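Novice: I am sharing structure_11.pdb, which consists of PDB, C-alpha atoms:
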ATOM      1  CA  GLN Z   1      12.962   2.030   3.202
ATOM      2  CA  VAL Z   2      11.001   4.525   5.265
ATOM      3  CA  GLN Z   3       7.893   3.437   7.129
ATOM      4  CA  LEU Z   4       5.568   5.453   9.327
ATOM      5  CA  VAL Z   5       3.955   3.526  12.169
ATOM      6  CA  GLU Z   6       0.975   4.947  14.042
ATOM      7  CA  SER Z   7      -0.133   3.860  17.495
ATOM      8  CA  GLY Z   8      -2.563   4.915  20.197
ATOM      9  CA  GLY Z   9      -5.899   4.377  18.512
ATOM     10  CA  GLY Z  10      -8.774   2.542  20.130
ATOM     11  CA  LEU Z  11     -12.280   2.755  21.511
ATOM     12  CA  VAL Z  12     -13.182   5.655  23.792
ATOM     13  CA  GLN Z  13     -16.401   7.090  25.163
ATOM     14  CA  PRO Z  14     -17.620  10.538  24.096
ATOM     15  CA  GLY Z  15     -15.784  13.196  26.058
ATOM     16  CA  GLY Z  16     -12.743  10.990  26.488
ATOM     17  CA  SER Z  17      -9.180  11.410  25.290
ATOM     18  CA  LEU Z  18      -6.666   9.553  23.168
ATOM     19  CA  ARG Z  19      -3.088  10.275  22.167
ATOM     20  CA  LEU Z  20      -1.894   9.156  18.750
ATOM     21  CA  SER Z  21       1.775   8.768  17.943
ATOM     22  CA  CYS Z  22       3.573   8.274  14.662
ATOM     23  CA  ALA Z  23       7.183   7.233  14.386
ATOM     24  CA  ALA Z  24       9.289   6.994  11.275
ATOM     25  CA  SER Z  25      11.677   4.124  10.753
ATOM     26  CA  GLY Z  26      14.507   4.949   8.420
ATOM     27  CA  ARG Z  27      16.014   8.307   7.626
ATOM     28  CA  ILE Z  28      13.936  11.088   6.098
ATOM     29  CA  PHE Z  29      15.880  14.082   4.835
ATOM     30  CA  LYS Z  30      14.704  17.683   4.956
ATOM     31  CA  ILE Z  31      11.356  17.130   6.667
ATOM     32  CA  ASN Z  32       8.955  20.015   6.223
ATOM     33  CA  ASP Z  33       5.396  19.469   7.440
ATOM     34  CA  MET Z  34       4.221  16.679   9.730
ATOM     35  CA  GLY Z  35       0.506  16.144  10.041
ATOM     36  CA  TRP Z  36      -2.536  14.010  10.619
ATOM     37  CA  TYR Z  37      -5.464  13.189   8.351
ATOM     38  CA  ARG Z  38      -8.509  11.020   8.898
ATOM     39  CA  GLN Z  39     -11.008   9.064   6.865
ATOM     40  CA  ALA Z  40     -14.446   8.114   8.120
ATOM     41  CA  PRO Z  41     -16.460   5.305   6.507
ATOM     42  CA  GLY Z  42     -17.921   6.416   3.196
ATOM     43  CA  LYS Z  43     -16.069   9.729   3.253
ATOM     44  CA  GLN Z  44     -12.943  11.142   1.686
ATOM     45  CA  ARG Z  45      -9.735  11.533   3.639
ATOM     46  CA  GLU Z  46      -9.648  14.928   5.309
ATOM     47  CA  PHE Z  47      -7.057  17.169   6.920
ATOM     48  CA  VAL Z  48      -6.942  17.232  10.724
ATOM     49  CA  ALA Z  49      -3.797  19.058  11.823
ATOM     50  CA  VAL Z  50      -0.294  19.998  10.715
ATOM     51  CA  VAL Z  51       2.876  21.307  12.329
ATOM     52  CA  THR Z  52       5.506  22.935  10.147
ATOM     53  CA  SER Z  53       9.265  22.691  10.501
ATOM     54  CA  GLY Z  54       9.139  26.085  12.194
ATOM     55  CA  GLY Z  55       6.616  24.916  14.757
ATOM     56  CA  THR Z  56       3.557  26.624  13.335
ATOM     57  CA  THR Z  57       0.387  24.614  13.802
ATOM     58  CA  ASN Z  58      -2.859  24.583  11.895
ATOM     59  CA  TYR Z  59      -6.063  22.676  12.622
ATOM     60  CA  ALA Z  60      -9.298  21.782  10.918
ATOM     61  CA  GLU Z  61     -12.132  23.884  12.293
ATOM     62  CA  SER Z  62     -13.878  20.774  13.577
ATOM     63  CA  VAL Z  63     -11.011  19.926  15.978
ATOM     64  CA  LYS Z  64      -9.753  23.356  17.031
ATOM     65  CA  GLY Z  65      -9.555  23.704  20.789
ATOM     66  CA  ARG Z  66      -9.799  19.934  21.298
ATOM     67  CA  PHE Z  67      -6.784  18.469  19.458
ATOM     68  CA  THR Z  68      -3.115  19.383  19.866
ATOM     69  CA  ILE Z  69      -0.386  18.372  17.450
ATOM     70  CA  SER Z  70       3.292  18.198  18.391
ATOM     71  CA  ARG Z  71       6.508  16.921  16.856
ATOM     72  CA  ASP Z  72       9.884  15.694  17.989
ATOM     73  CA  ASN Z  73      12.388  16.308  15.243
ATOM     74  CA  ALA Z  74      15.159  14.344  16.936
ATOM     75  CA  LYS Z  75      13.013  11.218  17.034
ATOM     76  CA  THR Z  76      11.075  11.941  13.824
ATOM     77  CA  THR Z  77       7.774  11.542  15.597
ATOM     78  CA  VAL Z  78       4.515  13.415  15.430
ATOM     79  CA  ASN Z  79       1.787  13.179  18.049
ATOM     80  CA  LEU Z  80      -1.868  14.121  18.230
ATOM     81  CA  GLN Z  81      -3.487  14.669  21.611
ATOM     82  CA  MET Z  82      -7.239  14.377  21.212
ATOM     83  CA  ASN Z  83      -9.515  15.600  24.004
ATOM     84  CA  SER Z  84     -13.273  15.986  24.311
ATOM     85  CA  LEU Z  85     -13.754  13.356  21.630
ATOM     86  CA  LYS Z  86     -17.061  13.189  19.785
ATOM     87  CA  PRO Z  87     -18.686  10.350  17.843
ATOM     88  CA  GLU Z  88     -18.036  12.298  14.637
ATOM     89  CA  ASP Z  89     -14.296  11.979  15.322
ATOM     90  CA  THR Z  90     -14.586   8.264  14.576
ATOM     91  CA  ALA Z  91     -12.276   7.482  11.662
ATOM     92  CA  VAL Z  92      -9.028   5.896  10.616
ATOM     93  CA  TYR Z  93      -6.273   8.388  11.397
ATOM     94  CA  TYR Z  94      -3.194   8.627   9.174
ATOM     95  CA  CYS Z  95       0.032  10.447   9.830
ATOM     96  CA  ASN Z  96       1.783  12.252   7.015
ATOM     97  CA  ILE Z  97       5.314  13.555   6.579
ATOM     98  CA  ALA Z  98       6.257  15.843   3.728
ATOM     99  CA  THR Z  99       9.760  16.872   2.742
ATOM    100  CA  VAL Z 100      11.061  20.041   1.146
ATOM    101  CA  TYR Z 101      11.537  17.953  -1.989
ATOM    102  CA  GLU Z 102       7.747  17.453  -2.060
ATOM    103  CA  ARG Z 103       8.008  13.771  -1.247
ATOM    104  CA  THR Z 104       5.192  12.520   0.980
ATOM    105  CA  TYR Z 105       5.073   9.562   3.337
ATOM    106  CA  TRP Z 106       1.936   8.019   4.837
ATOM    107  CA  GLY Z 107       1.358   5.668   7.730
ATOM    108  CA  GLN Z 108      -0.896   2.632   7.546
ATOM    109  CA  GLY Z 109      -3.584   4.199   9.714
ATOM    110  CA  THR Z 110      -4.941   3.634  13.206
ATOM    111  CA  GLN Z 111      -8.621   3.256  14.058
ATOM    112  CA  VAL Z 112     -10.248   5.694  16.475
ATOM    113  CA  THR Z 113     -13.793   4.875  17.566
ATOM    114  CA  VAL Z 114     -15.788   7.203  19.797
ATOM    115  CA  SER Z 115     -18.873   5.481  21.114
ATOM    116  CA  SER Z 116     -20.768   4.851  24.310
TER     117      SER Z 116
END
Let me see the file written as structure tokens.
Specialist:
Amino acid sequence: QVQLVESGGGLVQPGGSLRLSCAASGRIFKINDMGWYRQAPGKQREFVAVVTSGGTTNYAESVKGRFTISRDNAKTTVNLQMNSLKPEDTAVYYCNIATVYERTYWGQGTQVTVSS
């Protein structure tokens, strides 16, 4: 059974940095997109960033220039480097892996809190 496990969340001051990682246990065949989403209290889950199997990246406007997504296909991991963090980045962050067969896997989420 495949599980995605996120790590790297925590409490950071505004302007600080965090690096989130997501590793898959178990074999996932024909991975397509790997990405990150987030959900703030009282809000719907929203897209943050994605990296395709070809290496193309796409970001939400709110994080462009501050966040960088990367993937390691050999290790089935996806990372999110978050710089210049703002209080509005506070949320639970979820990693997502989608296959070419349109099957989607989600992690359990990791809390990121940006506060002074």
Novice: Considering only C-alpha atoms, can you say which of Z:Asp72, Z:Glu6, Z:Glu88, Z:Glu61 comes closest to Pro41 (chain Z)?
Specialist: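 Once distances to Pro41 (chain Z) are computed over only C-alpha atoms, the minimum belongs to Z:Glu88.
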Novice: Work out how far CA of Leu80 (chain Z) is from CA of Gln108 (chain Z), in Å to one decimal.
Specialist: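 The value is 15.7 Å.
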Novice: By how many Å are CA of Ala40 (chain Z) and CA of Ala24 (chain Z) apart?
Specialist: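 That distance, rounded to one decimal, is 24.0 Å.
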Novice: For this structure, which residues satisfy the selection - the PyMOL selection byres ((chain Z and resi 85) around 10) - when it is evaluated on the file as given? I want them as a list in words.
Specialist: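 Those residues are Val12, Gln13, Pro14, Gly15, Gly16, Ser17, Leu18, Val63, Arg66, Phe67, Met82, Asn83, Ser84, Lys86, Pro87, Glu88, Asp89, Thr90, Val112, Thr113, Val114 and Ser115 of chain Z.
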Novice: Starting from the PyMOL selection byres ((chain Z and resi 75) around 12), expand the selection into actual residues of this file and give them as a ChimeraX atom specification.
Specialist: /Z:21-28,71-74,76-79
Novice: Return region 5-16 of chain Z, completed with all heavy atoms, as a JSON list (two decimals), in the frame of the given file.
Specialist:
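Final output, saved to result03.json:
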[["chain", "number", "residue", "atom", "x", "y", "z"],
["Z", 5, "VAL", "N", 4.77, 4.44, 11.38],
["Z", 5, "VAL", "CA", 3.96, 3.53, 12.17],
["Z", 5, "VAL", "C", 3.18, 4.33, 13.20],
["Z", 5, "VAL", "O", 3.77, 5.00, 14.06],
["Z", 5, "VAL", "CB", 4.82, 2.47, 12.88],
["Z", 5, "VAL", "CG1", 3.95, 1.54, 13.70],
["Z", 5, "VAL", "CG2", 5.62, 1.69, 11.83],
["Z", 6, "GLU", "N", 1.83, 4.26, 13.08],
["Z", 6, "GLU", "CA", 0.98, 4.95, 14.04],
["Z", 6, "GLU", "C", 0.62, 4.02, 15.20],
["Z", 6, "GLU", "O", 0.57, 2.80, 15.03],
["Z", 6, "GLU", "CB", -0.33, 5.42, 13.39],
["Z", 6, "GLU", "CG", -0.16, 6.42, 12.27],
["Z", 6, "GLU", "CD", -0.42, 5.82, 10.92],
["Z", 6, "GLU", "OE1", -0.26, 4.60, 10.80],
["Z", 6, "GLU", "OE2", -0.77, 6.57, 9.98],
["Z", 7, "SER", "N", 0.34, 4.61, 16.34],
["Z", 7, "SER", "CA", -0.13, 3.86, 17.50],
["Z", 7, "SER", "C", -1.02, 4.76, 18.34],
["Z", 7, "SER", "O", -1.02, 5.99, 18.16],
["Z", 7, "SER", "CB", 1.05, 3.35, 18.33],
["Z", 7, "SER", "OG", 1.83, 4.43, 18.80],
["Z", 8, "GLY", "N", -1.76, 4.14, 19.25],
["Z", 8, "GLY", "CA", -2.56, 4.92, 20.20],
["Z", 8, "GLY", "C", -4.05, 4.96, 19.91],
["Z", 8, "GLY", "O", -4.81, 5.53, 20.68],
["Z", 9, "GLY", "N", -4.48, 4.38, 18.81],
["Z", 9, "GLY", "CA", -5.90, 4.38, 18.51],
["Z", 9, "GLY", "C", -6.64, 3.42, 19.42],
["Z", 9, "GLY", "O", -6.05, 2.67, 20.19],
["Z", 10, "GLY", "N", -7.97, 3.45, 19.32],
["Z", 10, "GLY", "CA", -8.77, 2.54, 20.13],
["Z", 10, "GLY", "C", -10.20, 3.02, 20.27],
["Z", 10, "GLY", "O", -10.65, 3.92, 19.54],
["Z", 11, "LEU", "N", -10.89, 2.43, 21.23],
["Z", 11, "LEU", "CA", -12.28, 2.76, 21.51],
["Z", 11, "LEU", "C", -12.34, 3.64, 22.75],
["Z", 11, "LEU", "O", -11.73, 3.31, 23.79],
["Z", 11, "LEU", "CB", -13.08, 1.47, 21.74],
["Z", 11, "LEU", "CG", -14.53, 1.63, 22.22],
["Z", 11, "LEU", "CD1", -15.37, 2.34, 21.17],
["Z", 11, "LEU", "CD2", -15.11, 0.27, 22.57],
["Z", 12, "VAL", "N", -13.07, 4.74, 22.67],
["Z", 12, "VAL", "CA", -13.18, 5.66, 23.79],
["Z", 12, "VAL", "C", -14.59, 6.20, 23.83],
["Z", 12, "VAL", "O", -15.26, 6.32, 22.79],
["Z", 12, "VAL", "CB", -12.14, 6.79, 23.67],
["Z", 12, "VAL", "CG1", -12.41, 7.64, 22.44],
["Z", 12, "VAL", "CG2", -12.09, 7.64, 24.92],
["Z", 13, "GLN", "N", -15.07, 6.53, 25.02],
["Z", 13, "GLN", "CA", -16.40, 7.09, 25.16],
["Z", 13, "GLN", "C", -16.40, 8.57, 24.79],
["Z", 13, "GLN", "O", -15.37, 9.24, 24.87],
["Z", 13, "GLN", "CB", -16.88, 6.93, 26.61],
["Z", 13, "GLN", "CG", -17.14, 5.49, 27.00],
["Z", 13, "GLN", "CD", -17.76, 5.38, 28.38],
["Z", 13, "GLN", "OE1", -17.68, 6.31, 29.19],
["Z", 13, "GLN", "NE2", -18.38, 4.24, 28.66],
["Z", 14, "PRO", "N", -17.54, 9.09, 24.38],
["Z", 14, "PRO", "CA", -17.62, 10.54, 24.10],
["Z", 14, "PRO", "C", -17.15, 11.35, 25.30],
["Z", 14, "PRO", "O", -17.48, 11.03, 26.44],
["Z", 14, "PRO", "CB", -19.11, 10.75, 23.83],
["Z", 14, "PRO", "CG", -19.59, 9.43, 23.31],
["Z", 14, "PRO", "CD", -18.80, 8.40, 24.08],
["Z", 15, "GLY", "N", -16.37, 12.37, 25.00],
["Z", 15, "GLY", "CA", -15.78, 13.20, 26.06],
["Z", 15, "GLY", "C", -14.43, 12.72, 26.52],
["Z", 15, "GLY", "O", -13.74, 13.44, 27.27],
["Z", 16, "GLY", "N", -14.02, 11.54, 26.08],
["Z", 16, "GLY", "CA", -12.74, 10.99, 26.49],
["Z", 16, "GLY", "C", -11.58, 11.51, 25.66],
["Z", 16, "GLY", "O", -11.75, 12.39, 24.79]]
